[in-house]
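Read the structure below first, then the notes.
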Number of protein chains: 2
Amino acid sequence: MLEYSEPVTKLIDEFKRLPGIGQKSAQRLAFHVMRMAEADVERFSNAMMEVKRRIVFCDVCNNLTDVNPCRFCSNPGRDHSMICIVEEPFNLVSVEKTRSYKGVYHVLHGSLSPIRGISPDDLKLANLLPRLKPENNNDTEVKEIILATNPNTEGEATASYIARLLKPLSVKVTRIAMGMPVGSDLEYVDEVTMDKALSNRHEI
Amino acid sequence: MLEYSEPVTKLIDEFKRLPGIGQKSAQRLAFHVMRMAEADVERFSNAMMEVKRRIVFCDVCNNLTDVNPCRFCSNPGRDHSMICIVEEPFNLVSVEKTRSYKGVYHVLHGSLSPIRGISPDDLKLANLLPRLKPENNNDTEVKEIILATNPNTEGEATASYIARLLKPLSVKVTRIAMGMPVGSDLEYVDEVTMDKALSNRHEI
């Protein structure tokens, strides 16, 4: 870009590295930072470094955590016989918000995508199978693995891959249901979702 | 939010303070930061502090700059008899990109908005009138002031306000043209723009 001085260009470049931030947003954010009070910028800057220093991957489930193993894995109140597999740490929060799931998690940090060149080796899968041995799992046998990857092409591919991987083992593998979102309207639903909603119908 | 540890919550809150970033984006960005290499986070964090330490408002035109007065105001190659008034520092870049404007700038850092409670006192206008005295302007008389605020309600209100302010002075005040964007299609243009395009028609 023309006419920006070097510290400004640098900061715009840093913002552009963040996911979902293009040139225009990066510019806008950088100029916002320049107008923030210095103390506020310092607090932001420290919050980033702090997170980097204190947050690690949980050795058991790969969740991002400040204690290792994480609060789910080390909690005897959670049901260690159920593992819910999610793509991202913030997907775990969506499951938690239901307050109905009491099991533990496994975070993949991604989903399979031949287009973006993401293969099974790029997912955090290596520590999943060892968890199925009771001696590695608070002496609890894993009874069910819930595949809660996203209901899109990549999430589906990831779910099938993991299902095939677990097939030889005697563990029950389930997939979250797809259908009409609660509160939505038939008029606006896409045909793939409608099809899922029809084929997954149940008696009342 | 449930289940996030304290440093994570703090960083999400910091991201949420940025313009155009809501809870979901803030979460996504915070988790991205946690997965960045520590060196990259440090570089980002330093870029923010660096911008804050080195970038100031130009005393003459209010542009954000690392030298004061800024590169426009101190450049004898620019035409100091023309001042282009813009709302934001990044609006100035849009004008520069045309490579056809050789004058100097005045950055307001905002636009009038009774709804958002932004009055003339909140704009950086105080140092505009003194610039019209040749002794404050490289011994150059200002011949024209171009109002290049945005072509929306707030930008229009700001332009009229400044035009009224300058009326008693003998300086020529102009407003950037509104009409059909180049490369656009009559089929998709809104009626207000079409109306401007019609009323601003010129002989060829």
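As shown in the structure tokens, the chain order sets the letters A, B, ...; within each chain, residues go from 1, and ligands are also counted from 1 in the order they appear.
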Dump as a Markdown table the rows for residues of chain B within 6 Å of chain A: closest atom pair and distance in Å with one decimal, only C-alpha atoms counted, ordered by chain and rising residue number.
```
| residue | atom | partner | partner_atom | distance |
| --- | --- | --- | --- | --- |
| B:Pro7 | CA | A:Val51 | CA | 5.3 |
| B:Leu11 | CA | A:Ala47 | CA | 5.2 |
| B:Glu14 | CA | A:Phe44 | CA | 5.7 |
| B:Met34 | CA | A:Lys52 | CA | 5.6 |
| B:Phe44 | CA | A:Glu14 | CA | 5.7 |
| B:Ser45 | CA | A:Ser45 | CA | 4.8 |
| B:Ala47 | CA | A:Leu11 | CA | 5.3 |
| B:Val51 | CA | A:Pro7 | CA | 5.4 |
| B:Lys52 | CA | A:Met34 | CA | 5.6 |
```
Just-selected residues, N, CA and C atoms written as a CSV table (one decimal), in the first residue's frame:
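Generated file (result_19.csv):
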```
chain,number,residue,atom,x,y,z
B,7,PRO,N,-7.2,-16.4,31.1
B,7,PRO,CA,-6.4,-15.7,30.0
B,7,PRO,C,-7.1,-15.7,28.7
B,11,LEU,N,-8.5,-12.4,26.5
B,11,LEU,CA,-8.1,-12.1,25.1
B,11,LEU,C,-9.3,-11.9,24.2
B,14,GLU,N,-10.6,-8.5,24.7
B,14,GLU,CA,-9.8,-7.5,24.0
B,14,GLU,C,-10.2,-7.5,22.5
B,34,MET,N,-3.9,-18.5,20.0
B,34,MET,CA,-3.3,-19.6,20.9
B,34,MET,C,-2.6,-20.6,20.0
B,44,PHE,N,3.5,-9.7,16.5
B,44,PHE,CA,2.2,-9.0,16.4
B,44,PHE,C,2.0,-8.0,17.6
B,45,SER,N,2.2,-8.5,18.8
B,45,SER,CA,2.1,-7.7,20.0
B,45,SER,C,3.1,-6.5,19.9
B,47,ALA,N,4.2,-5.1,17.2
B,47,ALA,CA,3.8,-4.2,16.1
B,47,ALA,C,2.7,-3.2,16.6
B,51,VAL,N,3.4,0.9,16.9
B,51,VAL,CA,2.5,1.8,16.2
B,51,VAL,C,2.1,2.9,17.2
B,52,LYS,N,1.7,2.4,18.4
B,52,LYS,CA,1.3,3.3,19.5
B,52,LYS,C,2.4,4.3,19.9
```
* Asked: Near A:Asp139, counting only C-alpha atoms, which residues have an atom at most 12 Å away, once you skip same-chain residues fewer than 3 positions from it, shown as a PyMOL selection string?
  -> chain A and resi 76+79-81+131-136+142
Preceding selection exported with N, CA and C atoms as a short mmCIF file (atom, residue, chain, number, x, y, z; two decimals), in the first residue's frame:
```cif
data_model
loop_
_atom_site.label_atom_id
_atom_site.label_comp_id
_atom_site.auth_asym_id
_atom_site.auth_seq_id
_atom_site.Cartn_x
_atom_site.Cartn_y
_atom_site.Cartn_z
N PRO A 76 -13.49 -35.79 37.88
CA PRO A 76 -14.09 -37.11 38.11
C PRO A 76 -15.61 -37.07 37.99
N ASP A 79 -18.42 -37.97 32.79
CA ASP A 79 -18.55 -39.36 32.42
C ASP A 79 -17.45 -39.73 31.41
N HIS A 80 -16.42 -40.42 31.90
CA HIS A 80 -15.27 -40.74 31.04
C HIS A 80 -15.54 -41.90 30.09
N SER A 81 -16.77 -42.45 30.12
CA SER A 81 -17.10 -43.53 29.19
C SER A 81 -17.64 -42.99 27.87
N ARG A 131 -6.69 -43.63 24.23
CA ARG A 131 -7.69 -43.31 25.27
C ARG A 131 -8.70 -44.43 25.45
N LEU A 132 -8.81 -45.31 24.44
CA LEU A 132 -9.83 -46.36 24.52
C LEU A 132 -9.40 -47.51 25.45
N LYS A 133 -8.13 -47.48 25.87
CA LYS A 133 -7.69 -48.48 26.85
C LYS A 133 -8.02 -47.97 28.25
N PRO A 134 -8.79 -48.77 29.03
CA PRO A 134 -9.22 -48.28 30.35
C PRO A 134 -8.06 -47.76 31.20
N GLU A 135 -6.88 -48.39 31.09
CA GLU A 135 -5.76 -47.95 31.95
C GLU A 135 -5.31 -46.53 31.62
N ASN A 136 -5.63 -46.07 30.42
CA ASN A 136 -5.28 -44.68 30.07
C ASN A 136 -6.45 -43.74 30.30
N VAL A 142 -14.38 -46.94 27.55
CA VAL A 142 -15.11 -46.01 26.70
C VAL A 142 -16.25 -46.78 26.03
#
```
* Asked: Just asking: which residues within stretch 35-109 of chain B are strand (DSSP E) according to DSSP, as a list of chain:residue names?
  ->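 Those in stretch 35-109 of chain B that DSSP calls strand (DSSP E) are B:Val56, B:Phe57, B:Leu64, B:Thr65, B:Asp79, B:His80, B:Ser81, B:Met82, B:Ile83, B:Cys84, B:Ile85, B:Val86, B:Gly103, B:Val104, B:Tyr105, B:His106, B:Val107.
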Give me a file of those residues, with N, CA and C atoms, as a tab-separated table (two decimals), in the first residue's frame.
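The resulting file, part20.tsv, is reproduced below:
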```tsv
chain	number	residue	atom	x	y	z
B	56	VAL	N	1.77	9.38	15.55
B	56	VAL	CA	1.09	10.51	16.19
B	56	VAL	C	0.19	11.20	15.17
B	57	PHE	N	-0.65	12.12	15.63
B	57	PHE	CA	-1.44	12.95	14.73
B	57	PHE	C	-0.54	14.05	14.17
B	64	LEU	N	-2.44	10.39	10.55
B	64	LEU	CA	-1.61	9.59	11.45
B	64	LEU	C	-0.26	9.39	10.77
B	65	THR	N	0.80	9.66	11.50
B	65	THR	CA	2.12	9.73	10.86
B	65	THR	C	3.24	9.40	11.83
B	79	ASP	N	0.95	20.44	-3.77
B	79	ASP	CA	0.31	21.73	-3.99
B	79	ASP	C	-0.41	22.18	-2.71
B	80	HIS	N	0.21	23.11	-1.98
B	80	HIS	CA	-0.36	23.54	-0.70
B	80	HIS	C	-1.52	24.52	-0.86
B	81	SER	N	-1.90	24.81	-2.10
B	81	SER	CA	-3.04	25.70	-2.30
B	81	SER	C	-4.36	24.92	-2.37
B	82	MET	N	-4.28	23.60	-2.33
B	82	MET	CA	-5.50	22.77	-2.32
B	82	MET	C	-5.50	21.88	-1.10
B	83	ILE	N	-6.63	21.89	-0.36
B	83	ILE	CA	-6.76	21.00	0.80
B	83	ILE	C	-7.95	20.08	0.56
B	84	CYS	N	-7.72	18.79	0.64
B	84	CYS	CA	-8.79	17.81	0.48
B	84	CYS	C	-9.18	17.31	1.87
B	85	ILE	N	-10.45	17.49	2.24
B	85	ILE	CA	-10.90	17.09	3.58
B	85	ILE	C	-11.51	15.69	3.53
B	86	VAL	N	-10.96	14.77	4.32
B	86	VAL	CA	-11.50	13.40	4.38
B	86	VAL	C	-11.89	13.06	5.81
B	103	GLY	N	-2.54	17.86	-4.10
B	103	GLY	CA	-2.64	18.82	-3.01
B	103	GLY	C	-2.34	18.19	-1.66
B	104	VAL	N	-2.77	18.86	-0.59
B	104	VAL	CA	-2.59	18.32	0.75
B	104	VAL	C	-3.94	17.93	1.34
B	105	TYR	N	-3.94	17.47	2.61
B	105	TYR	CA	-5.15	16.90	3.20
B	105	TYR	C	-5.52	17.54	4.53
B	106	HIS	N	-6.73	17.24	4.96
B	106	HIS	CA	-7.14	17.53	6.33
B	106	HIS	C	-8.03	16.37	6.77
B	107	VAL	N	-7.63	15.68	7.84
B	107	VAL	CA	-8.35	14.49	8.29
B	107	VAL	C	-9.22	14.83	9.50
```
* **12 Å contact set for A:Leu166, only C-alpha atoms, chain neighbours under 2 positions out, as a ChimeraX atom specification** => /A:125,128-130,132,142,144-147,159-164,168-174
